[in-house]
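Working notes, structure below.
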Amino acid sequence: MSLVFYISSFIAILSTVMVITRYQPIHALLYLVVSFLALAVTFLSLGAPFAAALQVIVYAGAIVVLFIFVVMMLNLGKQTAQQEKEWLQLRAWLGPSILSLVLLAEMAVLLLQDVPTEMPAVVVTPKQVSLSLYGEYIIAVELIGFLLMTGIVGAAHIGKHKKKSLHRFLQTYPNLN
Amino acid sequence: MSTLHAHTVLIVAAILFVLGLAGVLTRKNIIFMLLSIEIMLNAAGLAFVAAGSRWQQPDGQVMYLFILAMTAAEVSVALALVLQIQHQHKTLDVEELKELKD
């Protein structure tokens with residue numbers, strides 16, 4: 001399974017690099033789908049089939065589709081790509097990228113200091129996950145339900161187009177004159 | 001076939017997280033910043049799943065599930081905000097959004 005892991009994580013990293021360097025938002029979204037699917041294969045190779053299925057269904061199937069809907073509604077065309085090209089100059093991205101690369105190098109050094117432990121080739125089945133989820137984590141599941149409800153209500157409230165309301169002195173009445 | 005070590009998986013997760021961080025830091029378009037935040041959350045989920053697989057416990061996948069639900073709520077609110085920003089300011093540049101007044 002380790003060969004599967006290496007190949008899929010390489011694809012995930014490559015497509016993530018493509019996501020953060022694209023000019024057109026829709027191209028970035030399509031590369032993001034590839035990245036999520038590659039991560040799903042990674043989960044599968046780590047012995048987590050339930051997480052892999054959820055990655056495909058929820059991330060690649062629901063969240064990215066939501067992004068695509070919004071990009072379609074915003075009607076971002078060639079103008080946006082041109083603007084992105086102007087914003088993404090070398091001096092704009094070089095500094096933050098170098099600093100985060102230094103952080104990544106530190107993290108890699110810290111991780112490689114330890115004695116390497118092998119990943120066991122054991123599958124954690126969906127049955128185990130659901131027994132744990134509805135057993136010891138039941139209070140967290142209920143809280144997540146609250147959070148999702150808040151998200152729905154918040155999105156419905158924020159996304160509503162408000163009608164502009166004027167003070168009654170500033171209103172014009174067409175039937176008066 | 002070579003065996004897979006735990007720190008390899010964690011390094012992959014760290015690379016993905018740093019890529020998302022670089023995306024948030026360098027992009028000015030708010031949609032790309034949201035995409036990068038998704039990438040970072042996904043990398044955190046990969047670390048959780050790897051830890052759960054390392055100890056052969058389901059807790060890692062349970063935490064991944066919570067991250068997933070949190071991401072869904074966050075994305076729905078954030079995309080509604082993006083629509084509202086585009087409607088009011090006619091731009092997606094985050095530097096245009098520094099004024100709190102409406």
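Identifiers in the structure tokens: chain A, B, ... in order shown; residue index from 1 per chain; ligand index from 1 in order shown.
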*Which residues of chain B are close to chain A, meaning at most 7 Å apart when you count only C-alpha atoms, and how do they look as a ChimeraX atom specification?*
/B:2-7,11-12,14-16,18-19,22-23,25-26,50,53-54,56-58,61-62,69,72-74,76-77,79-81,83-84
*Could you please write out, as a PyMOL selection string, every residue of chain A that DSSP assigns to helix (DSSP H, G or I)?*
chain A and resi 2-21+25-45+49-74+78-87+90-113+126-133+138-158
_d(atom CA of Leu35 of chain B, atom CA of Glu142 of chain A) in Å_ = 27.5 Å
*asked:* Residues near Gly60 of chain B, anyone? I mean within 9 Å using only C-alpha atoms, not counting same-chain ones fewer than 5 positions away, as number ranges by chain.
replied: A: 129; B: 45, 47-53, 65
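Between atom CA of Val33 of chain A and atom CA of Val56 of chain A lies a distance of 9.0 Å.
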